[in-house]
Amino acid sequence: MKLIQSRENAFFKSLKRLAESGRERRKTGRTLLDGVHLVEAYEAVHGPVEALVVAESSMATAEIACYVAGREIIILADHLLRDLGLVDTPSGLLAVALMPSGMAAVNLEKDAILLDGVQDPGNVGTLLRTAAAAGIKQALLSPGCACAWSPKVLRAGQGAHFALSIHEDVDLAEYMAAYCGTTAVTCLDGASSLYEARWHGPLAWVFGAEGQGVRPELIAAARLRIKIPMPGAVESLNVAAAAAVCLFEALRRKLVP
């Protein structure tokens, strides 16, 4: 057990770089996981993390103390954990972990979720979590999306990353052109109601950036245009909420012939 109290400590500096820099995460192949649940989800699939770090005050927290009992840990002064700026409300436990390698190859015949320029880390994590909950196994992210393995996206995903094959910087137009099932996009112009539209076989759902939505060229390439009926007082949904409606309607159809 080691206590770190100085910002000049080499290990703390390495944590800071991982917290702030996507380039550092790609270079080292490592990321940071915040919270017992996320660490447990990682270790259930990929085995032990490289290092467990606990905030000094969190050693008195029953859940964390129980989880780290008998394990090698590094204790970090509370002010240093706050300095990392990892998430808005740190849990008091974080881990250094290798980012998974050897993901399954992109599959042109299975259900998928395609994210087009979704920049908000919370939205990306929630979209991945929703896709995994709906039974989808692969996620493709275009350039311009928030990094899937950033700490904030991981926190929002709540373990979904470890149930998905995630592919970043994908040419979505190229994937859609080759896809063997139905590509579907949410939009307004020329769209059918989600509850009236018909499709068969695998689905690749395309969800777009906050504000501007899916790029016009991807809308044009989609085989199915979908709109969600909204008789209420608002005209649109957050991208993560819209995705949840669509993905679980598709799941309902699978479960109820």
# chains A, B, ... in the order shown; residues from 1 in each chain; ligands from 1
>>> residues_around(residues="Ser57 (chain A)", least_positions_apart="3", cutoff="8 Å", atoms="only C-alpha atoms", output="MDAnalysis selection string")
chainID A and resid 60:61 77:78 92
>>> residues_around(residues="region 126-135 of chain A", least_positions_apart="2", cutoff="6 Å", atoms="only C-alpha atoms", output="mmCIF file with C-alpha atoms, in the first residue's frame")
data_model
loop_
_atom_site.group_PDB
_atom_site.id
_atom_site.type_symbol
_atom_site.label_atom_id
_atom_site.label_comp_id
_atom_site.auth_asym_id
_atom_site.auth_seq_id
_atom_site.Cartn_x
_atom_site.Cartn_y
_atom_site.Cartn_z
ATOM 1 C CA ASN A 123 -24.416 10.591 -25.000
ATOM 2 C CA VAL A 124 -21.882 8.193 -26.523
ATOM 3 C CA ALA A 156 -21.643 6.625 -18.849
ATOM 4 C CA GLY A 157 -21.462 3.201 -20.504
ATOM 5 C CA ALA A 160 -21.503 -1.829 -21.865
ATOM 6 C CA ALA A 240 -29.777 8.814 -26.642
#
>>> select_by_dssp(residues="region 16-220 of chain A", states="strand (DSSP E or B)", output="PyMOL selection string")
chain A and resi 30-34+51-55+74-76+93-98+112-116+138-141+165-167+182-186+192-193+203-209+213
>>> atom_distance(atom1="CA of Pro90 (chain A)", atom2="CA of Val54 (chain A)")
10.6 Å
>>> closest_residue(among="A:Gly117, A:Pro48, A:Pro202, A:Pro143", to="Asp171 (chain A)", atoms="only C-alpha atoms")
A:Pro143
>>> residues_around(residues="Ser193 (chain A)", least_positions_apart="5", cutoff="6 Å", atoms="only C-alpha atoms", output="PyMOL selection string")
chain A and resi 226-228
>>> write_last_selection(atoms="N, CA and C atoms", output="PDB file, in the first residue's frame")
ATOM      1  N   ILE A 226     -36.855   6.750 -40.680  1.00  0.00           N
ATOM      2  CA  ILE A 226     -37.776   6.546 -39.571  1.00  0.00           C
ATOM      3  C   ILE A 226     -37.992   7.854 -38.824  1.00  0.00           C
ATOM      4  N   LYS A 227     -39.249   8.103 -38.423  1.00  0.00           N
ATOM      5  CA  LYS A 227     -39.518   9.197 -37.492  1.00  0.00           C
ATOM      6  C   LYS A 227     -40.293   8.636 -36.300  1.00  0.00           C
ATOM      7  N   ILE A 228     -40.041   9.217 -35.151  1.00  0.00           N
ATOM      8  CA  ILE A 228     -40.721   8.800 -33.925  1.00  0.00           C
ATOM      9  C   ILE A 228     -41.920   9.715 -33.714  1.00  0.00           C
TER      10      ILE A 228
END
>>> residues_around(residues="region 177-189 of chain A", least_positions_apart="3", cutoff="10 Å", atoms="only C-alpha atoms", output="ChimeraX atom specification")
/A:107-114,172-174,192-194,199-208,213-214,216,218-228,239,242-243,246
>>> write_last_selection(atoms="N, CA and C atoms", output="compact mmCIF listing (two decimals), in the first residue's frame")
# COMPACT_ATOMS: atom_id res chain seq x y z
N ASN A 107 -18.91 -6.80 -38.69
CA ASN A 107 -19.79 -7.80 -39.28
C ASN A 107 -20.87 -7.11 -40.10
N LEU A 108 -20.98 -7.48 -41.36
CA LEU A 108 -21.95 -6.87 -42.27
C LEU A 108 -23.29 -7.57 -42.26
N GLU A 109 -23.45 -8.57 -41.40
CA GLU A 109 -24.68 -9.35 -41.40
C GLU A 109 -25.37 -9.37 -40.04
N LYS A 110 -24.89 -8.59 -39.10
CA LYS A 110 -25.46 -8.56 -37.75
C LYS A 110 -25.99 -7.16 -37.43
N ASP A 111 -26.89 -7.10 -36.46
CA ASP A 111 -27.39 -5.81 -36.00
C ASP A 111 -26.24 -4.94 -35.55
N ALA A 112 -26.40 -3.62 -35.71
CA ALA A 112 -25.34 -2.70 -35.32
C ALA A 112 -25.94 -1.35 -34.99
N ILE A 113 -25.17 -0.58 -34.24
CA ILE A 113 -25.49 0.83 -34.01
C ILE A 113 -24.36 1.66 -34.59
N LEU A 114 -24.71 2.66 -35.39
CA LEU A 114 -23.73 3.52 -36.07
C LEU A 114 -23.89 4.94 -35.52
N LEU A 172 -18.66 5.36 -42.30
CA LEU A 172 -20.01 4.81 -42.19
C LEU A 172 -20.69 4.65 -43.55
N ALA A 173 -20.41 5.54 -44.48
CA ALA A 173 -21.01 5.42 -45.81
C ALA A 173 -20.56 4.13 -46.49
N GLU A 174 -19.29 3.82 -46.34
CA GLU A 174 -18.77 2.59 -46.93
C GLU A 174 -19.40 1.36 -46.29
N SER A 192 -41.04 7.29 -42.46
CA SER A 192 -42.20 6.53 -42.01
C SER A 192 -42.22 6.47 -40.49
N SER A 193 -43.40 6.36 -39.91
CA SER A 193 -43.51 6.21 -38.47
C SER A 193 -42.78 4.94 -38.03
N LEU A 194 -42.08 5.03 -36.93
CA LEU A 194 -41.39 3.86 -36.38
C LEU A 194 -42.34 2.69 -36.19
N TRP A 199 -39.52 -3.91 -41.82
CA TRP A 199 -38.17 -4.34 -42.19
C TRP A 199 -38.02 -5.81 -41.86
N HIS A 200 -37.03 -6.42 -42.46
CA HIS A 200 -36.75 -7.84 -42.22
C HIS A 200 -35.24 -8.01 -42.08
N GLY A 201 -34.83 -8.97 -41.29
CA GLY A 201 -33.42 -9.28 -41.15
C GLY A 201 -32.69 -8.30 -40.26
N PRO A 202 -31.37 -8.31 -40.33
CA PRO A 202 -30.56 -7.46 -39.45
C PRO A 202 -30.75 -5.97 -39.75
N LEU A 203 -30.53 -5.17 -38.71
CA LEU A 203 -30.70 -3.72 -38.80
C LEU A 203 -29.43 -3.02 -38.36
N ALA A 204 -29.05 -1.99 -39.09
CA ALA A 204 -27.98 -1.10 -38.67
C ALA A 204 -28.60 0.29 -38.50
N TRP A 205 -28.71 0.72 -37.25
CA TRP A 205 -29.33 2.01 -36.94
C TRP A 205 -28.28 3.11 -36.95
N VAL A 206 -28.58 4.22 -37.60
CA VAL A 206 -27.66 5.36 -37.65
C VAL A 206 -28.24 6.50 -36.82
N PHE A 207 -27.45 6.97 -35.85
CA PHE A 207 -27.87 8.09 -35.01
C PHE A 207 -26.82 9.18 -35.10
N GLY A 208 -27.29 10.43 -35.19
CA GLY A 208 -26.38 11.52 -35.54
C GLY A 208 -26.04 12.45 -34.41
N GLY A 213 -27.83 16.37 -36.34
CA GLY A 213 -28.33 15.05 -36.72
C GLY A 213 -27.40 14.32 -37.67
N VAL A 214 -27.94 13.34 -38.37
CA VAL A 214 -27.17 12.52 -39.30
C VAL A 214 -26.83 13.33 -40.54
N PRO A 216 -26.41 14.50 -44.34
CA PRO A 216 -27.32 14.26 -45.47
C PRO A 216 -26.92 13.07 -46.34
N LEU A 218 -25.54 10.34 -45.48
CA LEU A 218 -25.88 9.08 -44.83
C LEU A 218 -27.39 8.87 -44.82
N ILE A 219 -28.14 9.96 -44.69
CA ILE A 219 -29.60 9.85 -44.80
C ILE A 219 -29.97 9.33 -46.19
N ALA A 220 -29.30 9.88 -47.20
CA ALA A 220 -29.58 9.45 -48.58
C ALA A 220 -29.21 7.99 -48.79
N ALA A 221 -28.19 7.52 -48.09
CA ALA A 221 -27.73 6.15 -48.28
C ALA A 221 -28.56 5.13 -47.52
N ALA A 222 -29.31 5.58 -46.52
CA ALA A 222 -30.10 4.65 -45.70
C ALA A 222 -31.26 4.06 -46.50
N ARG A 223 -31.54 2.80 -46.24
CA ARG A 223 -32.63 2.14 -46.95
C ARG A 223 -33.98 2.42 -46.30
N LEU A 224 -33.96 2.86 -45.05
CA LEU A 224 -35.20 3.10 -44.32
C LEU A 224 -35.06 4.40 -43.52
N ARG A 225 -36.04 5.31 -43.71
CA ARG A 225 -36.08 6.55 -42.94
C ARG A 225 -37.20 6.45 -41.92
N ILE A 226 -36.86 6.75 -40.68
CA ILE A 226 -37.78 6.55 -39.57
C ILE A 226 -37.99 7.85 -38.82
N LYS A 227 -39.25 8.10 -38.42
CA LYS A 227 -39.52 9.20 -37.49
C LYS A 227 -40.29 8.64 -36.30
N ILE A 228 -40.04 9.22 -35.15
CA ILE A 228 -40.72 8.80 -33.93
C ILE A 228 -41.92 9.71 -33.71
N VAL A 239 -30.53 12.50 -28.58
CA VAL A 239 -30.16 11.37 -29.43
C VAL A 239 -30.18 10.05 -28.68
N ALA A 242 -33.86 9.02 -28.28
CA ALA A 242 -34.40 8.55 -29.57
C ALA A 242 -33.90 7.15 -29.89
N ALA A 243 -32.63 6.92 -29.63
CA ALA A 243 -32.06 5.59 -29.88
C ALA A 243 -32.74 4.53 -29.02
N CYS A 246 -36.09 3.56 -30.54
CA CYS A 246 -35.95 2.77 -31.77
C CYS A 246 -35.42 1.36 -31.48
>>> closest_residue(among="A:Ala139, A:Gln119, A:Glu196, A:Leu255", to="Gln212 (chain A)", atoms="only C-alpha atoms")
A:Gln119
>>> atom_distance(atom1="CA of Met103 (chain A)", atom2="CA of Val87 (chain A)")
26.2 Å
>>> select_by_dssp(residues="region 136-184 of chain A", states="helix (DSSP H, G or I)", output="VMD selection string")
chain A and resid 151 to 157 160 to 163 172 to 178
>>> write_last_selection(atoms="C-alpha atoms", output="PDB file, in the first residue's frame")
ATOM      1  CA  PRO A 151     -13.074   7.861 -18.840  1.00  0.00           C
ATOM      2  CA  LYS A 152     -16.301   9.879 -19.163  1.00  0.00           C
ATOM      3  CA  VAL A 153     -17.671   7.662 -21.944  1.00  0.00           C
ATOM      4  CA  LEU A 154     -16.697   4.551 -19.978  1.00  0.00           C
ATOM      5  CA  ARG A 155     -18.448   5.897 -16.888  1.00  0.00           C
ATOM      6  CA  ALA A 156     -21.643   6.625 -18.849  1.00  0.00           C
ATOM      7  CA  GLY A 157     -21.462   3.201 -20.504  1.00  0.00           C
ATOM      8  CA  ALA A 160     -21.503  -1.829 -21.865  1.00  0.00           C
ATOM      9  CA  HIS A 161     -18.103  -1.522 -23.561  1.00  0.00           C
ATOM     10  CA  PHE A 162     -17.226  -5.031 -22.472  1.00  0.00           C
ATOM     11  CA  ALA A 163     -20.322  -6.510 -24.112  1.00  0.00           C
ATOM     12  CA  LEU A 172     -20.012   4.809 -42.187  1.00  0.00           C
ATOM     13  CA  ALA A 173     -21.010   5.424 -45.813  1.00  0.00           C
ATOM     14  CA  GLU A 174     -18.765   2.589 -46.935  1.00  0.00           C
ATOM     15  CA  TYR A 175     -20.157   0.268 -44.249  1.00  0.00           C
ATOM     16  CA  MET A 176     -23.751   1.142 -45.141  1.00  0.00           C
ATOM     17  CA  ALA A 177     -23.143   0.471 -48.830  1.00  0.00           C
ATOM     18  CA  ALA A 178     -21.827  -3.007 -48.063  1.00  0.00           C
TER      19      ALA A 178
END
>>> closest_residue(among="A:Val53, A:Ala241, A:Ala97, A:Ile75", to="Leu32 (chain A)", atoms="only C-alpha atoms")
A:Ala97
>>> residues_around(residues="Ile74 (chain A)", least_positions_apart="5", cutoff="8 Å", atoms="only C-alpha atoms", output="list in words")
Met1, Lys2, Leu3, Ile4, Ala51, Leu52, Val53 and Val54 of chain A
>>> write_last_selection(atoms="N, CA and C atoms", output="PDB file, in the first residue's frame")
ATOM      1  N   MET A   1       0.845  -1.184   0.000  1.00  0.00           N
ATOM      2  CA  MET A   1       0.000   0.000   0.000  1.00  0.00           C
ATOM      3  C   MET A   1       0.887   1.243   0.000  1.00  0.00           C
ATOM      4  N   LYS A   2       0.623   2.140  -0.933  1.00  0.00           N
ATOM      5  CA  LYS A   2       1.460   3.326  -1.086  1.00  0.00           C
ATOM      6  C   LYS A   2       0.575   4.564  -1.105  1.00  0.00           C
ATOM      7  N   LEU A   3       0.967   5.599  -0.380  1.00  0.00           N
ATOM      8  CA  LEU A   3       0.213   6.839  -0.344  1.00  0.00           C
ATOM      9  C   LEU A   3       0.931   7.893  -1.189  1.00  0.00           C
ATOM     10  N   ILE A   4       0.190   8.484  -2.127  1.00  0.00           N
ATOM     11  CA  ILE A   4       0.735   9.546  -2.978  1.00  0.00           C
ATOM     12  C   ILE A   4       0.065  10.862  -2.601  1.00  0.00           C
ATOM     13  N   ALA A  51      -3.718  -1.572 -12.132  1.00  0.00           N
ATOM     14  CA  ALA A  51      -3.511  -0.919 -10.842  1.00  0.00           C
ATOM     15  C   ALA A  51      -4.842  -0.433 -10.304  1.00  0.00           C
ATOM     16  N   LEU A  52      -5.011  -0.546  -8.989  1.00  0.00           N
ATOM     17  CA  LEU A  52      -6.185  -0.018  -8.303  1.00  0.00           C
ATOM     18  C   LEU A  52      -5.768   1.191  -7.485  1.00  0.00           C
ATOM     19  N   VAL A  53      -6.507   2.269  -7.632  1.00  0.00           N
ATOM     20  CA  VAL A  53      -6.194   3.519  -6.947  1.00  0.00           C
ATOM     21  C   VAL A  53      -7.407   3.932  -6.125  1.00  0.00           C
ATOM     22  N   VAL A  54      -7.180   4.241  -4.847  1.00  0.00           N
ATOM     23  CA  VAL A  54      -8.272   4.590  -3.950  1.00  0.00           C
ATOM     24  C   VAL A  54      -8.004   5.962  -3.345  1.00  0.00           C
TER      25      VAL A  54
END
>>> closest_residue(among="A:Val49, A:Gln5, A:Val106, A:Val245", to="Glu72 (chain A)", atoms="only C-alpha atoms")
A:Val49
>>> residues_around(residues="Arg17 (chain A)", least_positions_apart="2", cutoff="12 Å", atoms="only C-alpha atoms", output="CSV table (one decimal) with N, CA and C atoms, in the first residue's frame")
chain,number,residue,atom,x,y,z
A,10,ALA,N,5.6,10.6,-10.1
A,10,ALA,CA,5.5,10.1,-11.5
A,10,ALA,C,4.3,9.4,-11.8
A,11,PHE,N,3.8,8.6,-10.9
A,11,PHE,CA,2.6,7.8,-11.1
A,11,PHE,C,1.4,8.7,-11.3
A,12,PHE,N,1.3,9.7,-10.4
A,12,PHE,CA,0.2,10.7,-10.5
A,12,PHE,C,0.2,11.4,-11.9
A,13,LYS,N,1.4,11.8,-12.3
A,13,LYS,CA,1.5,12.4,-13.6
A,13,LYS,C,1.0,11.5,-14.7
A,14,SER,N,1.3,10.2,-14.6
A,14,SER,CA,0.8,9.3,-15.6
A,14,SER,C,-0.7,9.2,-15.6
A,15,LEU,N,-1.3,9.2,-14.4
A,15,LEU,CA,-2.7,9.2,-14.3
A,15,LEU,C,-3.3,10.5,-15.0
A,19,ALA,N,-6.0,10.7,-18.0
A,19,ALA,CA,-7.2,11.4,-17.8
A,19,ALA,C,-7.5,12.4,-18.9
A,20,GLU,N,-6.5,13.1,-19.3
A,20,GLU,CA,-6.7,14.3,-20.2
A,20,GLU,C,-6.4,14.1,-21.7
A,21,SER,N,-5.7,13.0,-22.0
A,21,SER,CA,-5.2,12.9,-23.4
A,21,SER,C,-5.6,11.6,-24.1
A,22,GLY,N,-6.4,11.8,-25.1
A,22,GLY,CA,-6.7,10.6,-26.0
A,22,GLY,C,-5.5,10.0,-26.6
A,23,ARG,N,-4.6,10.9,-27.0
A,23,ARG,CA,-3.3,10.5,-27.6
A,23,ARG,C,-2.5,9.6,-26.7
A,24,GLU,N,-2.5,10.0,-25.4
A,24,GLU,CA,-1.8,9.2,-24.4
A,24,GLU,C,-2.4,7.8,-24.2
A,25,ARG,N,-3.7,7.8,-24.2
A,25,ARG,CA,-4.4,6.5,-24.1
A,25,ARG,C,-4.2,5.6,-25.3
A,26,ARG,N,-4.2,6.2,-26.5
A,26,ARG,CA,-3.9,5.4,-27.7
A,26,ARG,C,-2.4,4.9,-27.7
A,27,LYS,N,-1.5,5.8,-27.3
A,27,LYS,CA,-0.1,5.4,-27.3
A,27,LYS,C,0.2,4.3,-26.3
A,28,THR,N,-0.4,4.4,-25.1
A,28,THR,CA,-0.1,3.4,-24.1
A,28,THR,C,-1.0,2.2,-24.1
A,30,ARG,N,-3.8,2.2,-22.7
A,30,ARG,CA,-4.4,2.1,-21.3
A,30,ARG,C,-5.5,3.2,-21.2
A,31,THR,N,-6.4,3.0,-20.2
A,31,THR,CA,-7.4,4.0,-19.9
A,31,THR,C,-7.7,3.9,-18.4
A,32,LEU,N,-8.6,4.8,-17.9
A,32,LEU,CA,-8.9,4.8,-16.5
A,32,LEU,C,-10.4,4.5,-16.3
A,83,ASP,N,-8.1,16.6,-8.7
A,83,ASP,CA,-7.3,17.3,-9.8
A,83,ASP,C,-7.3,16.5,-11.1
A,84,LEU,N,-7.6,15.2,-11.1
A,84,LEU,CA,-7.6,14.4,-12.3
A,84,LEU,C,-8.8,14.9,-13.2
A,85,GLY,N,-9.8,15.4,-12.6
A,85,GLY,CA,-11.0,15.8,-13.4
A,85,GLY,C,-11.6,14.7,-14.2
A,86,LEU,N,-11.5,13.5,-13.6
A,86,LEU,CA,-11.9,12.3,-14.4
A,86,LEU,C,-13.4,12.3,-14.8
A,96,VAL,N,-6.3,1.6,-13.4
A,96,VAL,CA,-5.6,1.7,-14.7
A,96,VAL,C,-5.8,0.3,-15.4
A,150,SER,N,-12.6,6.9,-23.5
A,150,SER,CA,-12.3,8.0,-22.6
A,150,SER,C,-13.0,7.7,-21.3
A,151,PRO,N,-12.5,8.2,-20.1
A,151,PRO,CA,-13.1,7.9,-18.8
A,151,PRO,C,-14.5,8.3,-18.7
>>> residues_around(residues="Ala104 (chain A)", least_positions_apart="6", cutoff="10 Å", atoms="only C-alpha atoms", output="PDB file with N, CA and C atoms, in the first residue's frame")
ATOM      1  N   LYS A 137     -24.547  -6.203 -30.584  1.00  0.00           N
ATOM      2  CA  LYS A 137     -23.200  -6.645 -30.236  1.00  0.00           C
ATOM      3  C   LYS A 137     -22.093  -5.792 -30.841  1.00  0.00           C
ATOM      4  N   GLN A 138     -22.426  -4.877 -31.764  1.00  0.00           N
ATOM      5  CA  GLN A 138     -21.356  -4.093 -32.369  1.00  0.00           C
ATOM      6  C   GLN A 138     -21.769  -2.636 -32.523  1.00  0.00           C
ATOM      7  N   LEU A 164     -19.640  -5.259 -26.083  1.00  0.00           N
ATOM      8  CA  LEU A 164     -19.737  -4.809 -27.467  1.00  0.00           C
ATOM      9  C   LEU A 164     -18.404  -4.947 -28.190  1.00  0.00           C
ATOM     10  N   SER A 165     -18.481  -5.102 -29.493  1.00  0.00           N
ATOM     11  CA  SER A 165     -17.318  -4.939 -30.352  1.00  0.00           C
ATOM     12  C   SER A 165     -17.390  -3.504 -30.878  1.00  0.00           C
ATOM     13  N   ILE A 166     -16.458  -2.657 -30.444  1.00  0.00           N
ATOM     14  CA  ILE A 166     -16.506  -1.229 -30.739  1.00  0.00           C
ATOM     15  C   ILE A 166     -15.437  -0.871 -31.762  1.00  0.00           C
ATOM     16  N   HIS A 167     -15.855  -0.180 -32.816  1.00  0.00           N
ATOM     17  CA  HIS A 167     -14.934   0.207 -33.890  1.00  0.00           C
ATOM     18  C   HIS A 167     -15.015   1.722 -34.072  1.00  0.00           C
TER      19      HIS A 167
END
>>> atom_distance(atom1="CA of His46 (chain A)", atom2="CA of Gln158 (chain A)")
15.3 Å
